[in-house]
Amino acid sequence: MAFGIGRTIRRSLGIKKKWRPDYVGDNVGVRRKNLGFMSEPSFASAWERAAEGNRPAWDGRVKDVRWRAHTAVWAARHGLLLPGDFVECGVNLGALSMTICHALDFAKVTKTFYLFDTYEGIPDDGREITQSRNGSLYFDCYALAEKNFAPFPNAKLVKGWLPGTLDQTSLDRIAYLSVDLNHADAEKAVMDELWDRLSPSAIVVIDDYAFATHEDQHEMWDEFAASKKSSVLTLPTGQGLLVKPA
Ligand SMILES: C[S@@+](CC[C@H](N)C(=O)[O-])C[C@H]1O[C@@H](n2cnc3c(N)ncnc32)[C@H](O)[C@@H]1O
């Protein structure tokens, strides 16, 4: 089905023929929206530090995932009000989590941020890290990730394959959870372990939920949410939000 906007609809909405978005980034284009979050000082400076720390993961460039980072900071800020720690499954160099740590001044927060990753790429179904799945996207980045999170002694990098590494920590209650493994089976295994540990009303940020070509993850998350009598909110960034029912 084509979703192009017809001339009559364009006219009735007051949209000019040459529709140009005011902001484009990360495959999202918007027009006539208040994007104040991007220039809000604590977010803007947190994002700048995260972007610098993530250049090696982005071939030396900056990938404008600010809106995704904004979603993560918002959900984590909500988590500050809840019992439990913060968790990210799938960290790499930590674009989302570094933005959170800087924006929330996490070193002063009396919580631990558990950062789970192989820090060397995505294990495939044969349980090995192969070139075919990872291409040149991922490399051994543990030392760089350690450097990125060095200002935050309460951010703990946990290196190894999920879900096996979850029980290598004293992780109990969870106030904020980000899942970004790019792998439906691993994400399901992690959620089966972590759902009961989430505090009521805690938010799960699902990074790839509505990404084209990630349909297996979309299907898995919809089934998982339905099994908890809930559903996932699709965001224009491609992220999904799932709230632990109170
Ligand atoms: C898209 S990246 C995460 C990006 C990150 N959230 C950010 O903000 O920059 C996906 C990560 O998931 C990790 N990963 C995938 N499957 C994993 C598994 N089974 N165990 C541990 N890490 C895994 C990969 O190593 C990779 O770093």
# chains A, B, ... in the order shown; residues from 1 in each chain; ligands from 1
call {"tool": "residues_around", "arguments": {"residues": "His78 of chain A", "least_positions_apart": "6", "cutoff": "9 Å", "atoms": "only C-alpha atoms", "output": "list in words"}}
result
Ala175, Tyr176, Ser201, Ala202 and Ile203 of chain A
call {"tool": "select_by_dssp", "arguments": {"residues": "segment 3-239 of chain A", "states": "strand (DSSP E or B)", "output": "JSON, numbers by chain"}}
result
{"A": [23, 24, 25, 28, 29, 30, 85, 86, 87, 88, 89, 113, 114, 115, 116, 117, 123, 129, 155, 156, 157, 158, 159, 174, 175, 176, 177, 178, 179, 198, 199, 200, 201, 202, 203, 204, 205, 206, 233, 234]}
call {"tool": "residues_near_ligand", "arguments": {"ligand": "ligand 1", "cutoff": "7 Å", "atoms": "only C-alpha atoms and all ligand atoms", "output": "list in words"}}
result
Cys89, Gly90, Val91, Asn92, Leu93, Gly94, Ala95, Leu96, Ser97, Phe116, Asp117, Thr118, Tyr119, Glu120, Gly121, Ile122, Pro123, Tyr138, Gly160, Trp161, Leu162, Pro163, Asp180, Leu181, Asn182, His183 and Ala186 of chain A
call {"tool": "write_last_selection", "arguments": {"atoms": "N, CA and C atoms", "output": "mmCIF file, in the first residue's frame"}}
result
data_model
loop_
_atom_site.group_PDB
_atom_site.id
_atom_site.type_symbol
_atom_site.label_atom_id
_atom_site.label_comp_id
_atom_site.auth_asym_id
_atom_site.auth_seq_id
_atom_site.Cartn_x
_atom_site.Cartn_y
_atom_site.Cartn_z
ATOM 1 N N CYS A 89 21.174 -3.885 28.398
ATOM 2 C CA CYS A 89 21.641 -5.119 27.762
ATOM 3 C C CYS A 89 21.951 -4.768 26.310
ATOM 4 N N GLY A 90 23.235 -4.692 25.965
ATOM 5 C CA GLY A 90 23.652 -4.249 24.631
ATOM 6 C C GLY A 90 24.132 -2.814 24.729
ATOM 7 N N VAL A 91 25.430 -2.644 24.956
ATOM 8 C CA VAL A 91 25.970 -1.331 25.318
ATOM 9 C C VAL A 91 26.915 -0.791 24.238
ATOM 10 N N ASN A 92 27.783 -1.689 23.722
ATOM 11 C CA ASN A 92 28.843 -1.290 22.801
ATOM 12 C C ASN A 92 29.637 -0.141 23.459
ATOM 13 N N LEU A 93 29.738 1.032 22.833
ATOM 14 C CA LEU A 93 30.464 2.127 23.488
ATOM 15 C C LEU A 93 29.545 3.036 24.300
ATOM 16 N N GLY A 94 28.243 2.683 24.332
ATOM 17 C CA GLY A 94 27.359 3.331 25.293
ATOM 18 C C GLY A 94 26.777 4.672 24.895
ATOM 19 N N ALA A 95 26.328 4.819 23.635
ATOM 20 C CA ALA A 95 25.736 6.112 23.246
ATOM 21 C C ALA A 95 24.560 6.473 24.164
ATOM 22 N N LEU A 96 23.657 5.521 24.362
ATOM 23 C CA LEU A 96 22.476 5.821 25.180
ATOM 24 C C LEU A 96 22.856 5.963 26.655
ATOM 25 N N SER A 97 23.616 4.996 27.158
ATOM 26 C CA SER A 97 23.914 4.985 28.601
ATOM 27 C C SER A 97 24.868 6.108 29.008
ATOM 28 N N PHE A 116 25.629 -4.610 30.383
ATOM 29 C CA PHE A 116 25.934 -5.964 29.924
ATOM 30 C C PHE A 116 26.231 -5.988 28.424
ATOM 31 N N ASP A 117 27.339 -6.586 28.053
ATOM 32 C CA ASP A 117 27.680 -6.735 26.626
ATOM 33 C C ASP A 117 28.828 -7.741 26.492
ATOM 34 N N THR A 118 28.958 -8.315 25.302
ATOM 35 C CA THR A 118 30.169 -9.102 25.027
ATOM 36 C C THR A 118 31.360 -8.153 24.878
ATOM 37 N N TYR A 119 31.050 -6.903 24.518
ATOM 38 C CA TYR A 119 32.044 -5.887 24.144
ATOM 39 C C TYR A 119 32.931 -6.368 22.997
ATOM 40 N N GLU A 120 32.390 -7.281 22.186
ATOM 41 C CA GLU A 120 33.104 -7.668 20.963
ATOM 42 C C GLU A 120 32.150 -8.129 19.864
ATOM 43 N N GLY A 121 30.843 -7.842 19.995
ATOM 44 C CA GLY A 121 29.922 -8.138 18.908
ATOM 45 C C GLY A 121 28.831 -9.130 19.298
ATOM 46 N N ILE A 122 27.961 -9.395 18.314
ATOM 47 C CA ILE A 122 26.743 -10.178 18.563
ATOM 48 C C ILE A 122 26.997 -11.662 18.321
ATOM 49 N N PRO A 123 26.839 -12.494 19.358
ATOM 50 C CA PRO A 123 26.979 -13.936 19.124
ATOM 51 C C PRO A 123 25.854 -14.418 18.209
ATOM 52 N N TYR A 138 31.318 -4.229 14.713
ATOM 53 C CA TYR A 138 31.742 -4.401 16.099
ATOM 54 C C TYR A 138 33.173 -4.903 16.167
ATOM 55 N N GLY A 160 30.539 -10.368 28.678
ATOM 56 C CA GLY A 160 30.234 -11.777 28.434
ATOM 57 C C GLY A 160 28.903 -11.914 27.725
ATOM 58 N N TRP A 161 28.509 -13.164 27.479
ATOM 59 C CA TRP A 161 27.312 -13.407 26.687
ATOM 60 C C TRP A 161 26.060 -13.446 27.563
ATOM 61 N N LEU A 162 25.072 -12.706 27.140
ATOM 62 C CA LEU A 162 23.755 -12.748 27.783
ATOM 63 C C LEU A 162 22.958 -13.935 27.213
ATOM 64 N N PRO A 163 22.068 -14.524 27.998
ATOM 65 C CA PRO A 163 21.665 -14.113 29.348
ATOM 66 C C PRO A 163 22.564 -14.651 30.460
ATOM 67 N N ASP A 180 18.988 -3.709 23.801
ATOM 68 C CA ASP A 180 19.477 -3.343 22.462
ATOM 69 C C ASP A 180 20.500 -4.383 21.994
ATOM 70 N N LEU A 181 20.015 -5.621 21.825
ATOM 71 C CA LEU A 181 20.933 -6.713 21.456
ATOM 72 C C LEU A 181 20.892 -7.038 19.966
ATOM 73 N N ASN A 182 19.930 -6.473 19.237
ATOM 74 C CA ASN A 182 19.764 -6.755 17.802
ATOM 75 C C ASN A 182 19.625 -8.259 17.552
ATOM 76 N N HIS A 183 19.001 -8.961 18.470
ATOM 77 C CA HIS A 183 18.891 -10.411 18.341
ATOM 78 C C HIS A 183 17.661 -10.870 19.134
ATOM 79 N N ALA A 186 18.017 -13.662 21.982
ATOM 80 C CA ALA A 186 18.765 -13.199 23.165
ATOM 81 C C ALA A 186 17.916 -12.191 23.956
#
call {"tool": "select_by_dssp", "arguments": {"residues": "segment 84-191 of chain A", "states": "helix (DSSP H, G or I)", "output": "PyMOL selection string"}}
result
chain A and resi 95-103+106-108+131-134+142-149+164-168+184-191
call {"tool": "closest_residue", "arguments": {"among": "A:Asn27, A:Lys63, A:Ser42, A:Val243", "to": "Ala212 of chain A", "atoms": "only C-alpha atoms"}}
result
A:Asn27
call {"tool": "residues_around", "arguments": {"residues": "Leu81 of chain A", "least_positions_apart": "4", "cutoff": "12 Å", "atoms": "only C-alpha atoms", "output": "count of residues only"}}
result
17
call {"tool": "residues_around", "arguments": {"residues": "Asp185 of chain A", "least_positions_apart": "3", "cutoff": "12 Å", "atoms": "only C-alpha atoms", "output": "ChimeraX atom specification"}}
result
/A:122-125,127,162-163,181-182,188-192,216-221,224
call {"tool": "closest_residue", "arguments": {"among": "A:Ser45, A:Glu88, A:Met98, A:Arg31", "to": "Ala69 of chain A", "atoms": "only C-alpha atoms"}}
result
A:Met98
call {"tool": "atom_distance", "arguments": {"atom1": "atom CA of Leu115 of chain A", "atom2": "atom CA of Lys229 of chain A"}}
result
28.1 Å
call {"tool": "residues_around", "arguments": {"residues": "segment 46-53 of chain A", "least_positions_apart": "4", "cutoff": "12 Å", "atoms": "only C-alpha atoms", "output": "PyMOL selection string"}}
result
chain A and resi 37-42+57-70+72-73+92-106+141+143-151
call {"tool": "atom_distance", "arguments": {"atom1": "atom CA of Asp208 of chain A", "atom2": "atom CA of Val87 of chain A"}}
result
16.7 Å
call {"tool": "closest_residue", "arguments": {"among": "A:Ala246, A:Val158, A:Leu166, A:Leu235", "to": "Glu193 of chain A", "atoms": "only C-alpha atoms"}}
result
A:Leu166
call {"tool": "atom_distance", "arguments": {"atom1": "atom CA of Val204 of chain A", "atom2": "atom CA of Asn34 of chain A"}}
result
24.7 Å
call {"tool": "decode", "arguments": {"residues": "segment 108-230 of chain A", "atoms": "C-alpha atoms", "output": "tab-separated table (two decimals), in the first residue's frame"}}
result
chain	number	residue	atom	x	y	z
A	108	LYS	CA	25.96	11.11	42.53
A	109	VAL	CA	23.00	8.71	42.18
A	110	THR	CA	22.74	5.94	44.79
A	111	LYS	CA	22.07	3.25	42.23
A	112	THR	CA	24.24	0.96	40.12
A	113	PHE	CA	24.08	1.02	36.31
A	114	TYR	CA	24.75	-2.54	35.06
A	115	LEU	CA	26.08	-2.49	31.50
A	116	PHE	CA	25.93	-5.96	29.92
A	117	ASP	CA	27.68	-6.74	26.63
A	118	THR	CA	30.17	-9.10	25.03
A	119	TYR	CA	32.04	-5.89	24.14
A	120	GLU	CA	33.10	-7.67	20.96
A	121	GLY	CA	29.92	-8.14	18.91
A	122	ILE	CA	26.74	-10.18	18.56
A	123	PRO	CA	26.98	-13.94	19.12
A	124	ASP	CA	25.08	-15.69	16.33
A	125	ASP	CA	22.76	-18.66	16.74
A	126	GLY	CA	25.72	-21.03	16.69
A	127	ARG	CA	26.86	-19.20	19.82
A	128	GLU	CA	29.96	-17.68	18.31
A	129	ILE	CA	30.80	-14.15	17.26
A	130	THR	CA	31.04	-14.35	13.49
A	131	GLN	CA	32.10	-11.92	10.81
A	132	SER	CA	28.91	-12.69	8.83
A	133	ARG	CA	26.64	-11.25	11.53
A	134	ASN	CA	28.89	-8.42	12.70
A	135	GLY	CA	30.75	-7.32	9.59
A	136	SER	CA	33.03	-4.46	10.54
A	137	LEU	CA	30.40	-2.96	12.87
A	138	TYR	CA	31.74	-4.40	16.10
A	139	PHE	CA	35.24	-4.93	17.45
A	140	ASP	CA	36.86	-5.55	20.82
A	141	CYS	CA	35.79	-2.29	22.47
A	142	TYR	CA	36.02	-3.15	26.16
A	143	ALA	CA	38.93	-0.80	26.92
A	144	LEU	CA	37.22	2.10	25.14
A	145	ALA	CA	33.94	1.40	26.95
A	146	GLU	CA	35.79	1.34	30.29
A	147	LYS	CA	37.26	4.74	29.45
A	148	ASN	CA	33.84	6.14	28.50
A	149	PHE	CA	32.33	5.13	31.84
A	150	ALA	CA	35.40	5.88	34.01
A	151	PRO	CA	33.81	9.07	35.48
A	152	PHE	CA	31.00	6.90	36.90
A	153	PRO	CA	32.29	4.41	39.50
A	154	ASN	CA	28.71	3.13	40.00
A	155	ALA	CA	28.45	2.10	36.31
A	156	LYS	CA	29.57	-1.55	36.14
A	157	LEU	CA	30.58	-3.10	32.85
A	158	VAL	CA	29.70	-6.82	32.78
A	159	LYS	CA	31.52	-8.53	29.93
A	160	GLY	CA	30.23	-11.78	28.43
A	161	TRP	CA	27.31	-13.41	26.69
A	162	LEU	CA	23.75	-12.75	27.78
A	163	PRO	CA	21.66	-14.11	29.35
A	164	GLY	CA	24.42	-16.09	31.10
A	165	THR	CA	26.07	-13.03	32.66
A	166	LEU	CA	22.89	-11.76	34.39
A	167	ASP	CA	23.54	-13.84	37.46
A	168	GLN	CA	27.19	-12.81	37.77
A	169	THR	CA	25.97	-9.68	39.56
A	170	SER	CA	23.89	-8.93	42.63
A	171	LEU	CA	21.24	-7.34	40.38
A	172	ASP	CA	17.87	-7.54	42.14
A	173	ARG	CA	15.25	-4.77	41.57
A	174	ILE	CA	15.37	-2.84	38.28
A	175	ALA	CA	14.16	0.76	37.90
A	176	TYR	CA	15.19	1.28	34.25
A	177	LEU	CA	15.92	-1.26	31.52
A	178	SER	CA	17.25	-0.73	28.00
A	179	VAL	CA	17.41	-3.71	25.63
A	180	ASP	CA	19.48	-3.34	22.46
A	181	LEU	CA	20.93	-6.71	21.46
A	182	ASN	CA	19.76	-6.75	17.80
A	183	HIS	CA	18.89	-10.41	18.34
A	184	ALA	CA	15.32	-11.61	19.05
A	185	ASP	CA	16.21	-14.85	20.88
A	186	ALA	CA	18.76	-13.20	23.16
A	187	GLU	CA	16.35	-10.34	23.95
A	188	LYS	CA	13.58	-12.84	24.80
A	189	ALA	CA	15.93	-14.83	27.06
A	190	VAL	CA	16.93	-11.63	28.87
A	191	MET	CA	13.32	-10.54	29.36
A	192	ASP	CA	12.30	-13.95	30.71
A	193	GLU	CA	14.98	-13.47	33.39
A	194	LEU	CA	14.41	-9.80	34.14
A	195	TRP	CA	10.67	-9.10	33.93
A	196	ASP	CA	9.92	-10.15	37.52
A	197	ARG	CA	12.76	-7.97	38.81
A	198	LEU	CA	11.34	-4.78	37.23
A	199	SER	CA	9.76	-2.38	39.69
A	200	PRO	CA	6.11	-1.56	38.99
A	201	SER	CA	5.87	1.31	36.45
A	202	ALA	CA	9.52	0.87	35.35
A	203	ILE	CA	10.04	1.55	31.65
A	204	VAL	CA	11.72	-0.82	29.21
A	205	VAL	CA	13.27	0.97	26.20
A	206	ILE	CA	13.47	-1.39	23.23
A	207	ASP	CA	15.92	0.05	20.75
A	208	ASP	CA	15.15	-1.85	17.53
A	209	TYR	CA	11.45	-2.58	18.04
A	210	ALA	CA	10.12	-0.87	14.90
A	211	PHE	CA	13.18	-0.94	12.67
A	212	ALA	CA	12.57	-2.20	9.14
A	213	THR	CA	14.32	-5.58	8.70
A	214	HIS	CA	14.06	-6.26	12.46
A	215	GLU	CA	10.65	-7.89	12.13
A	216	ASP	CA	11.62	-10.93	14.21
A	217	GLN	CA	12.32	-8.64	17.18
A	218	HIS	CA	9.02	-6.78	16.64
A	219	GLU	CA	7.07	-10.05	16.65
A	220	MET	CA	8.90	-11.37	19.70
A	221	TRP	CA	8.25	-8.18	21.71
A	222	ASP	CA	4.56	-8.05	20.76
A	223	GLU	CA	4.13	-11.65	21.89
A	224	PHE	CA	6.10	-11.02	25.06
A	225	ALA	CA	4.08	-7.90	25.94
A	226	ALA	CA	0.77	-9.64	25.23
A	227	SER	CA	1.80	-12.50	27.55
A	228	LYS	CA	2.11	-9.82	30.28
A	229	LYS	CA	-1.29	-8.33	29.33
A	230	SER	CA	0.48	-5.25	28.02
